[in-house]
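Data first, discussion second: the structure below is written as structure tokens.
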Amino acid sequence: MILLTDDLRERLLANGRDRGTDHVPVVKFFNPLGEGVWLATELDADGDTLFGLADLGSPELGSFSLEEIASILLPFGMGIERDILFTGYFPISVWAEAAREAGSIRAAERIPYRAASSRRGGA
């Protein structure tokens, strides 16, 4: 799987030029066989250093390497995948807070959406 399309790369690079903003995650990577979720908001000009929320057992904001993520070899010839249905909707600070509360990004994925729905009067 291609981890970054040209469009995603451009959006991440644009965010990377606008440091200090609480960006909405552009892309989600995940390990389909176990722990490991990354929400990326920015890409440095080096084309490798991403910034966002990484969860390899506990969620942390920081930088991580696209090359390292792409080089992870999993059983059955699998690797890290990009969630093609992911839409960030909320700034990375909201994701980080929800993930810390819930204990992981995966456990937190519905929290921001439920909160937004309840504010709109939905169920």
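Going through the structure tokens in order, the chains are called A, B, and so on, while each chain numbers its residues from 1 and the ligands are numbered from 1 in the order shown.
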Handout entry: In region 49-99 of chain A, DSSP strand (DSSP E) residues written as number ranges by chain
Key = A: 49-55, 59-65, 81-82
Filtering to N, CA and C atoms, could you give me those residues as a PDB file, in the first residue's frame?
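Output file result31.pdb follows:
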ATOM      1  N   THR A  49      10.232  13.182   8.211  1.00  0.00           N
ATOM      2  CA  THR A  49       9.854  13.444   9.597  1.00  0.00           C
ATOM      3  C   THR A  49       8.421  13.962   9.676  1.00  0.00           C
ATOM      4  N   LEU A  50       7.569  13.136  10.262  1.00  0.00           N
ATOM      5  CA  LEU A  50       6.167  13.490  10.468  1.00  0.00           C
ATOM      6  C   LEU A  50       5.987  13.972  11.895  1.00  0.00           C
ATOM      7  N   PHE A  51       4.971  14.796  12.123  1.00  0.00           N
ATOM      8  CA  PHE A  51       4.588  15.190  13.475  1.00  0.00           C
ATOM      9  C   PHE A  51       3.139  14.813  13.675  1.00  0.00           C
ATOM     10  N   GLY A  52       2.826  14.364  14.889  1.00  0.00           N
ATOM     11  CA  GLY A  52       1.454  14.032  15.207  1.00  0.00           C
ATOM     12  C   GLY A  52       1.374  13.230  16.484  1.00  0.00           C
ATOM     13  N   LEU A  53       0.364  12.386  16.548  1.00  0.00           N
ATOM     14  CA  LEU A  53       0.114  11.564  17.729  1.00  0.00           C
ATOM     15  C   LEU A  53       0.456  10.114  17.377  1.00  0.00           C
ATOM     16  N   ALA A  54       1.369   9.540  18.141  1.00  0.00           N
ATOM     17  CA  ALA A  54       1.777   8.153  17.926  1.00  0.00           C
ATOM     18  C   ALA A  54       1.376   7.331  19.138  1.00  0.00           C
ATOM     19  N   ASP A  55       0.924   6.111  18.887  1.00  0.00           N
ATOM     20  CA  ASP A  55       0.498   5.232  19.972  1.00  0.00           C
ATOM     21  C   ASP A  55       1.070   3.834  19.740  1.00  0.00           C
ATOM     22  N   PRO A  59      -0.308   6.824  24.046  1.00  0.00           N
ATOM     23  CA  PRO A  59      -0.314   7.904  23.063  1.00  0.00           C
ATOM     24  C   PRO A  59       0.601   9.068  23.456  1.00  0.00           C
ATOM     25  N   GLU A  60       1.396   9.536  22.485  1.00  0.00           N
ATOM     26  CA  GLU A  60       2.313  10.647  22.716  1.00  0.00           C
ATOM     27  C   GLU A  60       2.382  11.532  21.486  1.00  0.00           C
ATOM     28  N   LEU A  61       2.363  12.844  21.712  1.00  0.00           N
ATOM     29  CA  LEU A  61       2.598  13.807  20.642  1.00  0.00           C
ATOM     30  C   LEU A  61       4.095  13.880  20.378  1.00  0.00           C
ATOM     31  N   GLY A  62       4.473  13.940  19.117  1.00  0.00           N
ATOM     32  CA  GLY A  62       5.882  14.056  18.794  1.00  0.00           C
ATOM     33  C   GLY A  62       6.141  13.746  17.337  1.00  0.00           C
ATOM     34  N   SER A  63       7.411  13.591  17.028  1.00  0.00           N
ATOM     35  CA  SER A  63       7.844  13.316  15.655  1.00  0.00           C
ATOM     36  C   SER A  63       8.106  11.830  15.471  1.00  0.00           C
ATOM     37  N   PHE A  64       7.887  11.365  14.244  1.00  0.00           N
ATOM     38  CA  PHE A  64       8.164   9.972  13.895  1.00  0.00           C
ATOM     39  C   PHE A  64       8.536   9.909  12.425  1.00  0.00           C
ATOM     40  N   SER A  65       9.175   8.833  12.045  1.00  0.00           N
ATOM     41  CA  SER A  65       9.745   8.689  10.712  1.00  0.00           C
ATOM     42  C   SER A  65       8.829   7.899   9.777  1.00  0.00           C
ATOM     43  N   GLU A  81      -0.426   0.054   7.400  1.00  0.00           N
ATOM     44  CA  GLU A  81      -1.378   0.490   6.378  1.00  0.00           C
ATOM     45  C   GLU A  81      -1.893   1.890   6.675  1.00  0.00           C
ATOM     46  N   ARG A  82      -2.422   2.515   5.647  1.00  0.00           N
ATOM     47  CA  ARG A  82      -3.077   3.815   5.776  1.00  0.00           C
ATOM     48  C   ARG A  82      -4.570   3.569   5.813  1.00  0.00           C
TER      49      ARG A  82
END
What's around Gly103 (chain A) at 10 Å? Count only C-alpha atoms, leave out sequence neighbours fewer than 5 positions away in its own chain, and write the answer as a PyMOL selection string.
chain A and resi 55+57-59+97-98+108
If you count only C-alpha atoms, the residue of A:Leu56, A:Met78, A:Ile84, A:Ile111 closest to Val37 (chain A) turns out to be A:Leu56
- Query: Residues at most 12 Å from Gly77 (chain A), counting only C-alpha atoms, excluding those fewer than 3 positions away in the same chain, as an MDAnalysis selection string?
  - Reply: chainID A and resid 1 32:33 71:74 80
Please produce a file of those selected residues containing C-alpha atoms, as a PDB file, in the first residue's frame.
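selection.pdb, written as the output of this step:
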ATOM      1  CA  MET A   1       0.000   0.000   0.000  1.00  0.00           C
ATOM      2  CA  PRO A  32      -3.502  -4.257  11.072  1.00  0.00           C
ATOM      3  CA  LEU A  33      -2.230  -7.043  13.340  1.00  0.00           C
ATOM      4  CA  SER A  71       9.929  -0.436   6.828  1.00  0.00           C
ATOM      5  CA  ILE A  72       7.971  -2.325   9.505  1.00  0.00           C
ATOM      6  CA  LEU A  73       7.556  -5.929   8.377  1.00  0.00           C
ATOM      7  CA  LEU A  74       4.639  -7.850   9.852  1.00  0.00           C
ATOM      8  CA  ILE A  80       1.689  -0.766   8.232  1.00  0.00           C
TER       9      ILE A  80
END
I want to know what sits within 10 Å of Leu43 (chain A), based on only C-alpha atoms, with residues of the same chain fewer than 2 positions away left out; could you give that as an MDAnalysis selection string?
chainID A and resid 8:17 40:41 45:52 63:66
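Take CA of Phe30 (chain A) and CA of Val94 (chain A): the distance between them is 19.0 Å.
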- Could you pull out all residues of chain A with a DSSP call of helix (DSSP H, G or I) and give them as a ChimeraX atom specification? /A:6-17,66-71,75-77,92-102,105-108,111-119
Go ahead and write the residues just picked, C-alpha atoms, as a PDB file, in the first residue's frame.
ATOM      1  CA  ASP A   6       0.779  13.058  -3.587  1.00  0.00           C
ATOM      2  CA  ASP A   7      -2.247  14.955  -2.228  1.00  0.00           C
ATOM      3  CA  LEU A   8      -1.658  13.788   1.355  1.00  0.00           C
ATOM      4  CA  ARG A   9       2.058  14.603   1.079  1.00  0.00           C
ATOM      5  CA  GLU A  10       1.279  18.144  -0.113  1.00  0.00           C
ATOM      6  CA  ARG A  11      -1.228  18.733   2.690  1.00  0.00           C
ATOM      7  CA  LEU A  12       1.243  17.473   5.304  1.00  0.00           C
ATOM      8  CA  LEU A  13       4.054  19.625   3.865  1.00  0.00           C
ATOM      9  CA  ALA A  14       1.778  22.704   3.870  1.00  0.00           C
ATOM     10  CA  ASN A  15       0.964  22.075   7.533  1.00  0.00           C
ATOM     11  CA  GLY A  16       4.674  21.595   8.231  1.00  0.00           C
ATOM     12  CA  ARG A  17       5.359  25.091   6.898  1.00  0.00           C
ATOM     13  CA  LEU A  66       7.726   7.800   7.622  1.00  0.00           C
ATOM     14  CA  GLU A  67      10.631   5.628   6.453  1.00  0.00           C
ATOM     15  CA  GLU A  68      10.618   3.666   9.713  1.00  0.00           C
ATOM     16  CA  ILE A  69       6.846   3.147   9.554  1.00  0.00           C
ATOM     17  CA  ALA A  70       7.113   1.985   5.943  1.00  0.00           C
ATOM     18  CA  SER A  71       9.929  -0.436   6.828  1.00  0.00           C
ATOM     19  CA  PRO A  75       3.723 -11.527   9.587  1.00  0.00           C
ATOM     20  CA  PHE A  76       2.168 -12.826   6.367  1.00  0.00           C
ATOM     21  CA  GLY A  77       4.025 -10.236   4.292  1.00  0.00           C
ATOM     22  CA  ILE A  92      -4.603  17.006  17.119  1.00  0.00           C
ATOM     23  CA  SER A  93      -4.959  18.429  20.645  1.00  0.00           C
ATOM     24  CA  VAL A  94      -8.485  16.964  20.845  1.00  0.00           C
ATOM     25  CA  TRP A  95      -7.213  13.586  19.622  1.00  0.00           C
ATOM     26  CA  ALA A  96      -4.352  13.650  22.133  1.00  0.00           C
ATOM     27  CA  GLU A  97      -6.643  14.471  25.058  1.00  0.00           C
ATOM     28  CA  ALA A  98      -9.180  11.796  24.077  1.00  0.00           C
ATOM     29  CA  ALA A  99      -6.439   9.187  23.585  1.00  0.00           C
ATOM     30  CA  ARG A 100      -4.870   9.947  26.950  1.00  0.00           C
ATOM     31  CA  GLU A 101      -8.274   9.710  28.641  1.00  0.00           C
ATOM     32  CA  ALA A 102      -9.161   6.438  26.927  1.00  0.00           C
ATOM     33  CA  ILE A 105      -5.956   6.166  19.997  1.00  0.00           C
ATOM     34  CA  ARG A 106      -8.067   3.152  19.049  1.00  0.00           C
ATOM     35  CA  ALA A 107     -10.106   3.348  22.261  1.00  0.00           C
ATOM     36  CA  ALA A 108     -10.511   7.099  21.812  1.00  0.00           C
ATOM     37  CA  ILE A 111     -14.962  10.056  21.829  1.00  0.00           C
ATOM     38  CA  PRO A 112     -14.558  13.260  19.752  1.00  0.00           C
ATOM     39  CA  TYR A 113     -17.306  12.177  17.360  1.00  0.00           C
ATOM     40  CA  ARG A 114     -19.733  11.431  20.216  1.00  0.00           C
ATOM     41  CA  ALA A 115     -18.978  14.808  21.824  1.00  0.00           C
ATOM     42  CA  ALA A 116     -19.587  16.673  18.556  1.00  0.00           C
ATOM     43  CA  SER A 117     -22.792  14.744  17.963  1.00  0.00           C
ATOM     44  CA  SER A 118     -24.125  15.524  21.444  1.00  0.00           C
ATOM     45  CA  ARG A 119     -23.351  19.232  20.945  1.00  0.00           C
TER      46      ARG A 119
END
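Residue nearest Trp38 (chain A) within the list A:Ser104, A:Thr5, A:His23, A:Pro91: A:Ser104 [criterion: smallest interatomic distance, only C-alpha atoms].
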Students should find that CA of Asn31 (chain A) and CA of Asp44 (chain A) are spaced 23.0 Å
Pairwise distance, CA of Glu35 (chain A) with CA of Gly79 (chain A), equals 12.4 Å
